[in-house]
>>> print(open('upload-v1.cif').read())   # mmCIF, C-alpha atoms
data_target
loop_
_atom_site.label_atom_id
_atom_site.label_comp_id
_atom_site.auth_asym_id
_atom_site.auth_seq_id
_atom_site.Cartn_x
_atom_site.Cartn_y
_atom_site.Cartn_z
CA MET A 1 143.65 58.54 72.56
CA SER A 2 144.44 61.25 70.02
CA ARG A 3 143.48 64.88 70.57
CA LYS A 4 140.96 65.09 67.68
CA HIS A 5 138.88 62.21 69.06
CA LYS A 6 138.57 63.81 72.49
CA LYS A 7 134.93 64.13 73.54
CA HIS A 8 133.71 67.66 74.25
CA LEU A 9 132.57 67.87 77.84
CA ASP A 10 130.75 71.24 77.68
CA PHE A 11 127.02 70.85 77.97
CA GLU A 12 124.13 73.23 78.10
CA VAL A 13 121.46 72.93 80.79
CA ASN A 14 118.01 73.39 79.33
CA LEU A 15 116.69 76.25 81.43
CA ILE A 16 113.32 76.58 79.75
CA PRO A 17 111.48 73.99 81.94
CA PHE A 18 112.99 75.61 85.03
CA ILE A 19 111.73 79.04 83.94
CA ASP A 20 108.32 77.50 83.22
CA LEU A 21 108.22 76.03 86.71
CA LEU A 22 109.22 79.30 88.36
CA SER A 23 106.69 81.27 86.31
CA THR A 24 103.93 78.86 87.30
CA CYS A 25 104.98 79.12 90.97
CA ILE A 26 104.95 82.93 90.81
CA CYS A 27 101.50 83.02 89.15
CA PHE A 28 100.06 80.59 91.70
CA LEU A 29 101.54 82.43 94.70
CA LEU A 30 100.45 85.83 93.40
CA LEU A 31 96.90 84.59 92.87
CA THR A 32 96.63 82.88 96.26
CA ALA A 33 98.53 85.49 98.30
CA VAL A 34 96.65 87.17 101.14
CA TRP A 35 97.89 90.72 101.38
CA ILE A 36 95.78 91.69 104.41
CA ASN A 37 97.39 90.59 107.63
CA VAL A 38 94.54 89.69 109.96
CA GLY A 39 95.26 89.32 113.65
CA ALA A 40 93.27 89.17 116.87
CA LEU A 41 93.09 91.11 120.11
CA ASN A 42 92.57 88.68 122.92
CA VAL A 43 90.09 89.78 125.56
CA LYS A 44 88.61 88.06 128.57
CA GLN A 45 85.21 88.50 130.08
CA ALA A 46 85.53 91.23 132.68
CA VAL A 47 82.76 90.13 134.98
CA GLY A 48 82.01 86.60 136.11
CA GLY A 49 84.89 84.97 134.29
CA GLN A 50 86.91 83.96 137.34
CA ALA A 51 86.28 81.50 140.12
CA SER A 52 85.94 83.06 143.58
CA GLU A 53 89.15 81.48 144.94
CA ASP A 54 91.09 82.85 141.96
CA ALA A 55 89.79 86.34 142.45
CA THR A 56 92.76 87.61 144.40
CA LYS A 57 93.17 91.35 144.73
CA LYS A 58 95.29 92.17 141.74
CA PRO A 59 96.07 95.77 140.80
CA THR A 60 93.42 96.63 138.25
CA LEU A 61 92.70 99.60 136.05
CA TRP A 62 88.99 100.18 135.48
CA VAL A 63 88.30 102.18 132.36
CA GLN A 64 84.96 103.76 131.64
CA MET A 65 84.22 105.11 128.20
CA ALA A 66 81.83 108.04 128.37
CA GLY A 67 80.27 110.22 125.70
CA GLU A 68 82.25 112.76 123.63
CA GLY A 69 85.37 110.58 123.84
CA GLU A 70 85.81 111.04 127.59
CA ILE A 71 87.71 108.26 129.36
CA SER A 72 87.60 107.76 133.14
CA LEU A 73 90.37 105.78 134.79
CA ASP A 74 90.09 104.21 138.22
CA VAL A 75 93.09 102.38 139.65
CA ARG A 76 92.13 99.81 142.30
CA ASP A 77 94.20 97.66 144.67
CA ALA A 78 97.41 99.36 143.60
CA GLN A 79 100.08 101.50 145.25
CA VAL A 80 99.86 104.63 143.16
CA PRO A 81 99.97 108.33 144.11
CA ARG A 82 96.58 109.70 145.07
CA GLU A 83 96.35 112.00 142.05
CA LEU A 84 96.64 108.96 139.76
CA THR A 85 93.93 106.91 141.46
CA LYS A 86 91.01 108.52 139.69
CA LEU A 87 91.51 110.40 136.46
CA VAL A 88 89.33 111.72 133.69
CA ILE A 89 90.80 112.23 130.23
CA PRO A 90 88.57 114.53 128.21
CA GLY A 91 87.94 113.73 124.56
CA LYS A 92 89.44 115.59 121.63
CA GLU A 93 86.90 116.76 119.03
CA GLY A 94 84.47 114.09 120.17
CA LEU A 95 87.03 111.29 119.98
CA PRO A 96 89.09 109.74 122.79
CA ASN A 97 92.43 111.42 123.42
CA PHE A 98 94.71 108.41 122.97
CA GLU A 99 97.95 110.40 123.25
CA GLY A 100 96.87 111.78 126.63
CA LEU A 101 95.76 108.31 127.70
CA ALA A 102 99.12 106.76 126.77
CA GLU A 103 100.91 109.40 128.82
CA VAL A 104 98.68 108.86 131.89
CA VAL A 105 98.85 105.07 131.66
CA GLY A 106 102.62 105.31 131.37
CA ARG A 107 102.74 107.30 134.63
CA ILE A 108 100.44 104.81 136.38
CA LYS A 109 102.50 101.89 135.12
CA GLN A 110 105.68 103.58 136.38
CA SER A 111 104.17 103.87 139.86
CA GLU A 112 102.78 100.35 139.87
CA PRO A 113 104.75 98.01 137.56
CA ALA A 114 102.65 95.02 138.73
CA LEU A 115 99.59 96.54 137.07
CA THR A 116 98.80 94.36 134.07
CA THR A 117 95.03 94.17 134.12
CA ALA A 118 92.62 96.64 132.56
CA LEU A 119 88.88 96.23 132.48
CA ILE A 120 87.02 98.29 129.92
CA GLN A 121 83.42 99.37 130.41
CA PRO A 122 82.13 100.75 127.12
CA GLN A 123 78.82 102.50 126.63
CA ALA A 124 76.12 101.46 124.20
CA VAL A 125 77.17 104.24 121.83
CA SER A 126 80.89 103.51 122.09
CA VAL A 127 82.37 102.82 118.68
CA TYR A 128 84.02 99.41 118.19
CA GLU A 129 87.07 101.03 116.57
CA ASP A 130 87.64 103.22 119.65
CA ILE A 131 87.38 100.21 121.98
CA ILE A 132 89.97 98.33 119.90
CA GLU A 133 92.24 101.40 119.79
CA LEU A 134 91.95 101.66 123.58
CA MET A 135 92.86 97.99 124.03
CA ASP A 136 95.76 98.39 121.62
CA GLN A 137 97.01 101.38 123.59
CA PHE A 138 96.83 99.40 126.85
CA LYS A 139 98.71 96.47 125.33
CA LYS A 140 101.40 98.88 124.16
CA SER A 141 101.69 100.21 127.72
CA GLY A 142 102.14 96.72 129.17
CA LEU A 143 98.57 96.07 130.34
CA ILE A 144 98.28 92.70 128.71
CA ASP A 145 95.31 91.19 130.57
CA LEU A 146 92.36 92.97 129.07
CA GLY A 147 88.72 92.52 129.81
CA VAL A 148 85.55 94.00 128.46
CA SER A 149 82.35 94.17 130.42
CA PRO A 150 78.89 93.80 128.98
CA LEU A 151 76.43 96.67 129.34
CA MET B 1 128.23 71.86 71.09
CA VAL B 2 127.61 75.19 72.72
CA ASN B 3 127.37 76.85 69.35
CA SER B 4 124.72 74.41 68.19
CA GLY B 5 122.71 74.72 71.42
CA ILE B 6 119.11 75.79 71.61
CA LEU B 7 120.05 79.30 72.70
CA ARG B 8 122.40 79.84 69.81
CA THR B 9 120.11 78.62 67.08
CA SER B 10 117.30 81.09 67.70
CA ALA B 11 118.00 84.09 65.49
CA PHE B 12 115.67 87.01 65.14
CA GLY B 13 115.86 89.09 62.01
CA SER B 14 114.84 92.71 62.24
CA VAL B 15 111.79 93.46 60.08
CA ILE B 16 112.58 97.19 60.16
CA GLY B 17 116.19 96.55 59.17
CA GLU B 18 115.18 94.45 56.17
CA SER B 19 112.72 97.00 54.79
CA SER B 20 114.83 100.08 55.46
CA VAL B 21 115.10 102.46 52.45
CA LEU B 22 118.27 104.23 53.51
CA ALA B 23 120.32 101.20 54.44
CA PRO B 24 118.56 97.99 53.47
CA GLN B 25 119.93 95.01 55.25
CA SER B 26 118.15 92.36 53.25
CA GLU B 27 119.60 89.42 51.35
CA SER B 28 123.29 90.01 50.72
CA HIS B 29 123.61 92.77 53.29
CA LYS B 30 121.52 90.97 55.85
CA ARG B 31 123.19 90.65 59.20
CA VAL B 32 122.12 87.74 61.35
CA VAL B 33 121.14 88.99 64.75
CA ASN B 34 121.52 86.34 67.38
CA ALA B 35 119.47 87.33 70.39
CA GLU B 36 120.99 85.83 73.44
CA LEU B 37 119.04 86.34 76.62
CA LEU B 38 120.83 86.43 79.91
CA LEU B 39 118.77 83.74 81.57
CA THR B 40 120.81 83.55 84.76
CA ALA B 41 119.67 87.00 85.86
CA LEU B 42 116.07 86.15 84.96
CA ILE B 43 116.18 82.94 86.99
CA ASP B 44 117.74 84.85 89.91
CA ALA B 45 114.90 87.37 89.84
CA PHE B 46 112.28 84.62 89.56
CA SER B 47 113.82 82.68 92.44
CA ILE B 48 113.85 85.78 94.68
CA LEU B 49 110.20 86.44 93.80
CA VAL B 50 109.20 82.86 94.60
CA ILE B 51 111.06 82.95 97.93
CA PHE B 52 109.47 86.32 98.86
CA LEU B 53 105.98 85.10 97.97
CA LEU B 54 106.48 81.85 99.88
CA MET B 55 107.70 83.78 102.94
CA SER B 56 104.73 86.16 102.87
CA PHE B 57 102.26 83.35 102.24
CA SER B 58 99.67 83.45 104.97
CA SER B 59 96.84 81.06 105.61
CA THR B 60 95.08 83.23 108.21
CA GLY B 61 93.01 84.90 105.50
CA GLU B 62 91.04 81.70 105.13
CA ILE B 63 89.76 81.82 108.69
CA ILE B 64 87.59 84.86 108.16
CA PHE B 65 85.86 86.06 105.05
CA MET B 66 85.15 89.75 104.81
CA GLY B 67 82.14 90.88 102.91
CA LYS B 68 82.04 93.92 100.67
CA GLY B 69 82.08 97.12 102.68
CA MET B 70 83.31 95.52 105.89
CA GLU B 71 86.33 97.19 107.42
CA LEU B 72 88.00 95.62 110.41
CA PRO B 73 89.52 97.92 113.03
CA LYS B 74 93.30 98.28 113.02
CA ALA B 75 95.63 97.32 115.86
CA ALA B 76 99.37 97.01 116.28
CA GLN B 77 99.47 94.65 119.25
CA GLY B 78 97.36 91.84 117.84
CA ASP B 79 98.21 88.15 118.03
CA LEU B 80 97.93 85.46 115.41
CA LEU B 81 94.42 84.45 114.50
CA ASP B 82 93.62 80.83 115.33
CA ARG B 83 90.84 78.62 114.09
CA ASN B 84 87.94 79.20 116.50
CA PRO B 85 84.20 79.58 116.05
CA VAL B 86 83.64 82.90 114.28
CA VAL B 87 80.75 85.21 115.09
CA LYS B 88 80.35 87.87 112.44
CA VAL B 89 78.23 91.00 112.49
CA GLU B 90 77.39 92.19 109.00
CA GLU B 91 74.70 94.66 108.01
CA GLY B 92 73.07 94.34 111.42
CA LYS B 93 72.81 90.55 111.13
CA ILE B 94 74.69 88.05 113.27
CA PHE B 95 76.33 85.05 111.65
CA LEU B 96 77.84 82.07 113.43
CA GLU B 97 80.25 80.31 111.05
CA ASP B 98 78.51 82.00 108.08
CA LYS B 99 75.07 80.80 109.20
CA GLU B 100 72.65 83.55 110.15
CA VAL B 101 71.54 83.41 113.78
CA LYS B 102 69.02 85.58 115.58
CA ALA B 103 70.48 87.57 118.48
CA GLU B 104 68.24 85.76 120.96
CA ASP B 105 69.27 82.34 119.60
CA LEU B 106 73.00 83.01 119.71
CA THR B 107 73.53 81.51 123.18
CA ALA B 108 71.77 78.27 122.13
CA ALA B 109 73.79 78.13 118.91
CA LEU B 110 77.05 78.63 120.82
CA LEU B 111 76.04 75.95 123.32
CA GLU B 112 75.47 73.63 120.37
CA VAL B 113 79.00 74.42 119.12
CA ARG B 114 80.34 73.63 122.59
CA LYS B 115 78.41 70.36 122.70
CA LYS B 116 79.76 69.35 119.29
CA TYR B 117 83.30 70.13 120.44
CA GLY B 118 82.79 67.88 123.46
CA GLU B 119 81.59 65.06 121.22
CA THR B 120 84.48 65.37 118.76
CA HIS B 121 87.18 65.98 121.39
CA PRO B 122 86.09 63.76 124.33
CA ASN B 123 89.39 63.89 126.26
CA GLU B 124 90.16 67.55 125.74
CA GLU B 125 89.29 70.54 127.86
CA PHE B 126 86.98 73.00 126.16
CA PRO B 127 89.10 76.04 125.18
CA GLY B 128 86.20 78.51 125.28
CA VAL B 129 87.62 80.83 122.66
CA ILE B 130 85.54 82.70 120.13
CA THR B 131 86.49 85.07 117.32
CA VAL B 132 84.36 88.15 116.78
CA GLN B 133 84.44 89.84 113.41
CA GLY B 134 82.76 93.20 113.06
CA ASP B 135 82.96 96.44 111.13
CA ARG B 136 85.02 99.16 112.78
CA ARG B 137 82.04 101.56 112.82
CA LEU B 138 79.83 99.23 114.88
CA LYS B 139 78.37 100.47 118.13
CA TYR B 140 79.03 98.47 121.27
CA GLU B 141 75.30 97.84 121.81
CA THR B 142 75.45 95.46 118.83
CA LEU B 143 78.53 93.68 120.16
CA ASN B 144 77.14 93.53 123.68
CA GLY B 145 74.72 90.76 122.73
CA ILE B 146 77.62 88.66 121.42
CA VAL B 147 79.73 89.32 124.53
CA LEU B 148 76.82 88.32 126.77
CA ALA B 149 75.87 85.24 124.73
CA SER B 150 79.46 83.99 124.59
CA SER B 151 79.77 84.50 128.34
CA GLN B 152 76.57 82.55 128.97
CA ALA B 153 77.69 79.74 126.66
CA GLY B 154 81.06 79.40 128.40
CA PHE B 155 83.24 81.16 125.86
CA SER B 156 85.31 83.25 128.25
CA ASP B 157 87.98 84.34 125.77
CA ILE B 158 87.01 86.63 122.96
CA LYS B 159 89.31 87.36 120.08
CA PHE B 160 88.41 90.51 118.19
CA ALA B 161 89.56 90.21 114.59
CA VAL B 162 91.70 93.18 113.56
CA ILE B 163 93.87 94.27 110.68
CA MET B 164 97.46 94.39 111.82
CA LYS B 165 99.05 97.82 111.49
#
>>> encode(input="upload-v1.cif", output="structure tokens")
Amino acid sequence: MSRKHKKHLDFEVNLIPFIDLLSTCICFLLLTAVWINVGALNVKQAVGGQASEDATKKPTLWVQMAGEGEISLDVRDAQVPRELTKLVIPGKEGLPNFEGLAEVVGRIKQSEPALTTALIQPQAVSVYEDIIELMDQFKKSGLIDLGVSPL
Amino acid sequence: MVNSGILRTSAFGSVIGESSVLAPQSESHKRVVNAELLLTALIDAFSILVIFLLMSFSSTGEIIFMGKGMELPKAAQGDLLDRNPVVKVEEGKIFLEDKEVKAEDLTAALLEVRKKYGETHPNEEFPGVITVQGDRRLKYETLNGIVLASSQAGFSDIKFAVIMK
């Protein structure tokens, strides 16, 4: 075959439909995207949720939310120093002192690593946001089994 | 073949260049401006965008619908939100799966949900999980009714819907 009859093998891919497809995909995904990441804090019923045979004496932290952001901690069935058994963390400008709480819970957890349960007793006037923040703080500190008691 | 391709044949003449007084580029002086777009870079950018959007695509937003003015509390240690019966407190009213329920009828409504679950899933154990959706400024006295009703109806696990920090 002579050189001048050689078929040119270069070809051009038509990119326009591909760009159309990508643009459509981007528009669809942007319109349907959910930018708020919603999660859930899992909580068990504090009272009456367990069968009597299951109710073994596990180290438990009882947390009472009082007025003016005051939080009372009561460690039960755990081997902790006496000064950590009952503690009151005063509020800060009417709100719970979460930094102080994290520090105290860290000390309790250091003394009793088996402590994983916290039962929260809110008051009628306790704000939902503060209860969630409290639970979040406990989860951060390794207290993963959380319970909330009704009034 | 490349020279006669679709990208080569699209020429854009400059309107400003043609009508310029100082250096008119019309007719004999007209210079053909072939605009060649670098499509590879554009396709790269588009592909990255599509991959990012697909990766961040989340279906959990469909589980709960937030009304105007409702702000969920924020938490860092939350888990993934599953599909469970949702009890919502909005403007002082309680809704079970978007149907308004009186506080005193909530236990009965939850028992009905439990009964329906038993009918539709005859060989499965009842999970007893409920999702509670409420504004961050709510007082616990409002939520207490839901906690009590869910306890009475056998929903021992409560999932409080939060915005992940």
>>> closest_residue(input="upload-v1.cif", among="A:Glu70, A:Glu129, A:Glu83, A:Asp145", to="Ser111 in chain A", atoms="all atoms listed in the file")
A:Glu83
>>> resolve_selection(input="upload-v1.cif", expression="the PyMOL selection byres ((chain A and resi 31-42) around 9)", output="count of residues only")
42
>>> closest_residue(input="upload-v1.cif", among="B:Lys88, B:Gln133, B:Gly154, B:Arg83", to="Glu112 in chain B", atoms="only C-alpha atoms")
B:Gly154
>>> residues_around(input="upload-v1.cif", residues="Leu96 in chain B", least_positions_apart="5", cutoff="10 Å", atoms="all atoms listed in the file", output="PDB file with C-alpha atoms, in the coordinates of the input")
ATOM      1  CA  PRO B  85      84.200  79.580 116.050  1.00  0.00           C
ATOM      2  CA  VAL B  86      83.640  82.900 114.280  1.00  0.00           C
ATOM      3  CA  VAL B  87      80.750  85.210 115.090  1.00  0.00           C
ATOM      4  CA  LYS B  88      80.350  87.870 112.440  1.00  0.00           C
ATOM      5  CA  VAL B  89      78.230  91.000 112.490  1.00  0.00           C
ATOM      6  CA  VAL B 101      71.540  83.410 113.780  1.00  0.00           C
ATOM      7  CA  LYS B 102      69.020  85.580 115.580  1.00  0.00           C
ATOM      8  CA  LEU B 106      73.000  83.010 119.710  1.00  0.00           C
ATOM      9  CA  ALA B 109      73.790  78.130 118.910  1.00  0.00           C
ATOM     10  CA  LEU B 110      77.050  78.630 120.820  1.00  0.00           C
ATOM     11  CA  VAL B 113      79.000  74.420 119.120  1.00  0.00           C
ATOM     12  CA  THR B 131      86.490  85.070 117.320  1.00  0.00           C
ATOM     13  CA  VAL B 132      84.360  88.150 116.780  1.00  0.00           C
TER      14      VAL B 132
END
>>> residues_around(input="upload-v1.cif", residues="Leu134 in chain A", least_positions_apart="5", cutoff="9 Å", atoms="all atoms listed in the file", output="MDAnalysis selection string")
chainID A and resid 96 98 101 120 129 139
>>> closest_residue(input="upload-v1.cif", among="A:Val127, A:Ala114, A:Phe138, A:Ile144", to="chain B", atoms="only C-alpha atoms")
A:Val127
>>> closest_residue(input="upload-v1.cif", among="A:Gly67, A:Gly94, A:Glu133, A:Leu22", to="Leu42 in chain B", atoms="all atoms listed in the file")
A:Leu22
>>> atom_distance(input="upload-v1.cif", atom1="CA of Pro90 in chain A", atom2="CA of Ala124 in chain A")
18.5 Å
>>> residues_around(input="upload-v1.cif", residues="Ala118 in chain A", least_positions_apart="3", cutoff="6 Å", atoms="only C-alpha atoms", output="ChimeraX atom specification")
/A:60-62,146
>>> write_last_selection(input="upload-v1.cif", atoms="C-alpha atoms", output="PDB file, in the coordinates of the input")
ATOM      1  CA  THR A  60      93.420  96.630 138.250  1.00  0.00           C
ATOM      2  CA  LEU A  61      92.700  99.600 136.050  1.00  0.00           C
ATOM      3  CA  TRP A  62      88.990 100.180 135.480  1.00  0.00           C
ATOM      4  CA  LEU A 146      92.360  92.970 129.070  1.00  0.00           C
TER       5      LEU A 146
END
>>> closest_residue(input="upload-v1.cif", among="A:Cys25, A:Pro113, A:Asp74, A:Lys7", to="chain B", atoms="all atoms listed in the file")
A:Cys25
>>> closest_residue(input="upload-v1.cif", among="B:Ala153, B:Leu148, B:Met55, B:Leu38", to="chain A", atoms="all atoms listed in the file")
B:Leu148
>>> atom_distance(input="upload-v1.cif", atom1="CA of Arg137 in chain B", atom2="CA of Ile71 in chain A")
18.7 Å
>>> residues_near_point(input="upload-v1.cif", point="(79.0, 103.0, 128.0)", cutoff="8 Å", atoms="only C-alpha atoms", output="ChimeraX atom specification")
/A:64-67,121-126,151
>>> resolve_selection(input="upload-v1.cif", expression="the PyMOL selection byres ((chain B and resi 71) around 6)", output="VMD selection string")
chain B and resid 70 72 135 to 136
>>> atom_distance(input="upload-v1.cif", atom1="CA of Gly92 in chain B", atom2="CA of Ser150 in chain B")
17.9 Å
>>> residues_around(input="upload-v1.cif", residues="Thr40 in chain B", least_positions_apart="6", cutoff="12 Å", atoms="only C-alpha atoms", output="VMD selection string")
(chain A and resid 13 to 16 18 to 19) or (chain B and resid 46 to 47)
>>> resolve_selection(input="upload-v1.cif", expression="the PyMOL selection byres ((chain A and resi 78) around 9)", output="ChimeraX atom specification")
/A:58-61,75-77,79-80,85,111-112,114-115
>>> write_last_selection(input="upload-v1.cif", atoms="C-alpha atoms", output="mmCIF file, keeping the file's coordinate frame")
data_model
loop_
_atom_site.group_PDB
_atom_site.id
_atom_site.type_symbol
_atom_site.label_atom_id
_atom_site.label_comp_id
_atom_site.auth_asym_id
_atom_site.auth_seq_id
_atom_site.Cartn_x
_atom_site.Cartn_y
_atom_site.Cartn_z
ATOM 1 C CA LYS A 58 95.290 92.170 141.740
ATOM 2 C CA PRO A 59 96.070 95.770 140.800
ATOM 3 C CA THR A 60 93.420 96.630 138.250
ATOM 4 C CA LEU A 61 92.700 99.600 136.050
ATOM 5 C CA VAL A 75 93.090 102.380 139.650
ATOM 6 C CA ARG A 76 92.130 99.810 142.300
ATOM 7 C CA ASP A 77 94.200 97.660 144.670
ATOM 8 C CA GLN A 79 100.080 101.500 145.250
ATOM 9 C CA VAL A 80 99.860 104.630 143.160
ATOM 10 C CA THR A 85 93.930 106.910 141.460
ATOM 11 C CA SER A 111 104.170 103.870 139.860
ATOM 12 C CA GLU A 112 102.780 100.350 139.870
ATOM 13 C CA ALA A 114 102.650 95.020 138.730
ATOM 14 C CA LEU A 115 99.590 96.540 137.070
#
